[in-house]
Amino acid sequence: MDVLFNSIDVRDLLSSSNIDDVTLPLSAPDLRLLIDRLQVRSVDIKSKVRQYILSHYSGFSTLFTQCSDVVLRSEHLSSEVSDLIQLISDHPVEVETKAVIDDIVIRNRELKEKRELLGLLAVILELSDKLRFVKEEIKVGRVEQAAEALRELKAVLVTSSDETAAFEERQPLVYGLLKDEWTECFEEMQEVLLRCMDNAVWFEQENNTVHLKHQSNIKGIDGIELQTVLKAMDAVGIVDYGLAKVADLMIKHVIAPVVSFRSTIVVEETNQESGNGAEANLKILPSADPNVDSMDGGSMYSVLVDIVKFIGKSLCFGNSTWMLCFGRLTWPRMSDLIISNFLSKNVPDDASKLADFQKIIKCTSDFEESLKELMFIASSDGKDERLSKFADNVEVHFASRKKVEILAKARNLLLQSDFRLPEDGTRRHSKVKDDKKAERSSDLVVDLLFTSERCVVSEAGLGLMKVVHGTLKDVCLSSPKVGLEFYHAARDSLLLYEAVIPVKFERQLDSINHSAVLIHNDCHYLSQEILGLAFEYRSDFPASIKELVVFADLAPRFQLLAEEVLQRQIKLVIYNLKQAIDGADGFQNTHQMKQYESAKLSIDQVIFILEKVYIIWHHLLLPSAYKRSMSMVLEAVFSRVANDILLLDDIAAEETLQLQKLIHLLFENLSSLLDSVVAINQSGKLQESPTQTLDDLIPSLRKLRKLADLLDMPLKSITEAWEAGELVNCGFTQSEVEDFIGAIFADSPLRKECLRRIESICY
């Protein structure tokens with residue numbers, strides 16, 4: 001059969017040599033030849049196929065037979081399937097089968113529910129029997145067994161708070177009834193146990209004794225052991241609640257008197273075989289000496305340990321869990337009593353006494369270790385070491401107390417200050433501090449650190465710095481913890497001045513008085529002292545706080561406050577002076593008597609205000625501050641007077657004389673004040689040949705003096721003065737000179753010529 005699978009190449013059947021040329025068509029002879037050869041080849045293939053089939057006849061026969069059998073079986077199977085489908089269609093058996101299955105499921109569910117109901121009923125009966133058992137046990141006094149049963153029932157009937165809300169929505173009614181019954185049993189058990197505790201432990205006021213009976217009788221039930229009661233309370237989880245009243249009794253009647261050193265105790269144990277069994281008594285006796293051993297607390301701690309031992313033996317019966325529970329109830333209040341009545345009162349008032357407090361620290365630590373051994377406080381919980389922590393931090397407590405005292409002292413000093421002017425009102429700071437012939441200074445006259453000046457300060461400012469210096473000296477002698485607290489106390493004391501004084505003297509700061517000047521001096525003095533604190537004390541500070549101690553940031557605050565106070569005073573003075581000058585009505589028509597008197601009155605008021613300011617400032621202000629401030633005030637006065645006169649648009653001949661007279665009056669009355677300004681240089685010394693003239697300090701002074709001269713000068717002289725630059729040097733402008741000439745001189749060719757000459761020269 002291989003010949004069938006071999007390809008027939010047409011080119012092999014043709015004789016033409018150019019068969020590969022696809023562009024040329026085949027000729028007729030070639031086509032006839034091709035057909036003949038294909039027929040021959042086809043006959044050959046058919047012959048080979050026939051021979052192959054004949055040679056494999058048996059194989060092909062078997063194959064065809066098997067195919068026939070498969071077809072017959074397929075037809076038979078199809079017939080059977082058709083019959084089955086027909087049978088199912090005529091009789092729906094699946095419906096009957098489903099009904100049977102559903103019935104079986106329903107019956108199984110009913111059987112399961114009945115079994116569950118029977119189980120639930122059995123559980124309910126069992127729980128009900130246990131609850132009945134609990135009630136009976138309580139009635140006969142077997143509280144321990146009843147408590148155990150209640151604990152078991154609690155695990156079944158009482159759910160957690162997170163599950164309660166969801167569970168109550170789907171719980172059966174009988175469950176709620178059983179839970180309510182359990183609650184009633186629990187409350188009854190709790191009431192019985194608490195009565196037992198009240199009956200077992202009580203305080204007798206007459207004999208000042210705590211009685212503790214080991215057997216109790218309640219509701220006709222005799223012989224309920226105290227230990228059994230505690231076991232029952234432990235079982236139902238109310239030990240804390242049951243011991244709370246006893247703990248309060250012990251704190252109030254036993255521990256508090258002992259801690260306050262008013263009482264001591266005596267432990268008595270008596271056995272009453274015929275009575276109510278064993279009984280332990282704790283008798284509280286008044287202390288013979290209330291101050292005995294109050295320095296280190298050794299006797300107090302010893303008595304407290306005896307009390308705890310008594311509680312552990314007679315009340316808690318050596319049970320560590322009950323002991324820890326009682327300790328949790330009493331230790332916070334007990335430790336607070338010890339801290340408030342003993343430890344805090346013995347915190348040293350002086351840094352040199354801190355070493356003596358070490359005895360108290362050791363006794364306190366030993367006391368807490370004893371309590372840990374007695375299981376009164378937990379040995380692993382550092383929170384219970386309240387006394388040791390307080391005692392170990394005694395330096396902090398000492399520093400905190402001293403800080404409060406320092407701040408209280410500084411605050412009282414500031415609040416009680418009245419900033420009264422010293423009795424000796426002479427100017428003490430006008431001489432240099434190293435002048436041996438200087439007068440004996442008052443205590444309130446201080447030397448400034450970074451200038452050669454002296455100033456008068458208030459008692460509050462001086463006293464405050466004494467407090468700060470004393471505090472910083474303590475910093476040098478203290479430990480780092482104490483020193484840091486003292487440092488903060490010193491800073492806060494300084495800040496108190498900034499917070500208290502401006503508020504307390506607000507009204508004085510809004511008027512011209514010596515109090516405001518003293519506040520300015522205080523702030524300037526404090527700023528200088530603050531800058532010197534680091535240089536004075538830093539080298540002696542504890543090494544660990546040297547980098548933390550900073551005062552330099554406070555100095556600018558006080559310097560700014562000093563400047564604000566001074567500028568406020570200067571503005572008030574200038575405002576009052578301007579108000580006085582306003583009364584002159586611009587110095588108009590002064591050739592009229594009424595207007596002249598009004599202007600003269602204004603000048604007198606100006607002189608009066610300046611003299612008042614001179615009296616206050618000259619005696620109190622620093623020389624440099626006085627010179628600067630008074631120069632500003634005089635500049636404001638002279639410039640205002642000069643400007644008002646120059647604004648006049650018509651000045652009569654008589655009026656020029658009156659104006660000149662008013663200016664001379666002003667200068668005559670202010671001569672001593674002007675001399676005081678020029679006599680002070682920046683170092684605060686008296687100068688025989690001052691480097692600064694009045695004209696340098698008060699530019700308007702030269703202008704007003706020149707204006708007085710101009711009032712009686714001829715027109716040509718005024719023009720020549722302008723051309724020579726003299727008027728410009730005095731502060732006159734071209735427009736002011738032109739307006740002045742127009743106001744005094746009538747219109748004329750000469751005036752026009754002079755004005756032209758003035759206009760032609762510009763500076």
# chains A, B, ... in the order shown; residues from 1 in each chain; ligands from 1
call {"tool": "residues_around", "arguments": {"residues": "Phe317 (chain A)", "least_positions_apart": "4", "cutoff": "12 Å", "atoms": "only C-alpha atoms", "output": "MDAnalysis selection string"}}
result
chainID A and resid 214 225:231 308:313 321:323 374
call {"tool": "write_last_selection", "arguments": {"atoms": "C-alpha atoms", "output": "short mmCIF file (atom, residue, chain, number, x, y, z; two decimals), in the first residue's frame"}}
result
data_model
loop_
_atom_site.label_atom_id
_atom_site.label_comp_id
_atom_site.auth_asym_id
_atom_site.auth_seq_id
_atom_site.Cartn_x
_atom_site.Cartn_y
_atom_site.Cartn_z
CA HIS A 214 -13.55 32.58 115.77
CA GLU A 225 -16.32 29.08 112.21
CA LEU A 226 -14.78 32.36 111.02
CA GLN A 227 -12.39 30.47 108.77
CA THR A 228 -15.35 28.65 107.24
CA VAL A 229 -17.05 31.96 106.58
CA LEU A 230 -13.94 33.27 104.79
CA LYS A 231 -13.72 30.08 102.70
CA VAL A 308 -0.56 43.07 110.41
CA LYS A 309 0.67 39.89 112.11
CA PHE A 310 -2.45 39.91 114.27
CA ILE A 311 -4.62 40.25 111.16
CA GLY A 312 -2.73 37.50 109.33
CA LYS A 313 -2.99 35.07 112.22
CA THR A 321 -4.79 35.12 99.19
CA TRP A 322 -6.99 36.53 101.97
CA MET A 323 -4.03 38.47 103.34
CA LEU A 374 3.67 38.74 105.71
#
call {"tool": "residues_around", "arguments": {"residues": "Ser370 (chain A)", "least_positions_apart": "5", "cutoff": "10 Å", "atoms": "only C-alpha atoms", "output": "count of residues only"}}
result
10
call {"tool": "residues_around", "arguments": {"residues": "region 333-340 of chain A", "least_positions_apart": "2", "cutoff": "12 Å", "atoms": "only C-alpha atoms", "output": "PyMOL selection string"}}
result
chain A and resi 247-248+250-252+254-261+294+297+300-301+304+308+326-331+342-347+360+364+367-368+371+376-377+383-391+394+397
call {"tool": "closest_residue", "arguments": {"among": "A:Val549, A:Pro699, A:His618, A:Gly586", "to": "Val517 (chain A)", "atoms": "only C-alpha atoms"}}
result
A:His618
call {"tool": "residues_around", "arguments": {"residues": "Glu144 (chain A)", "least_positions_apart": "2", "cutoff": "12 Å", "atoms": "only C-alpha atoms", "output": "VMD selection string"}}
result
chain A and resid 134 137 to 138 140 to 142 146 to 151 189 192 to 193 224 to 236
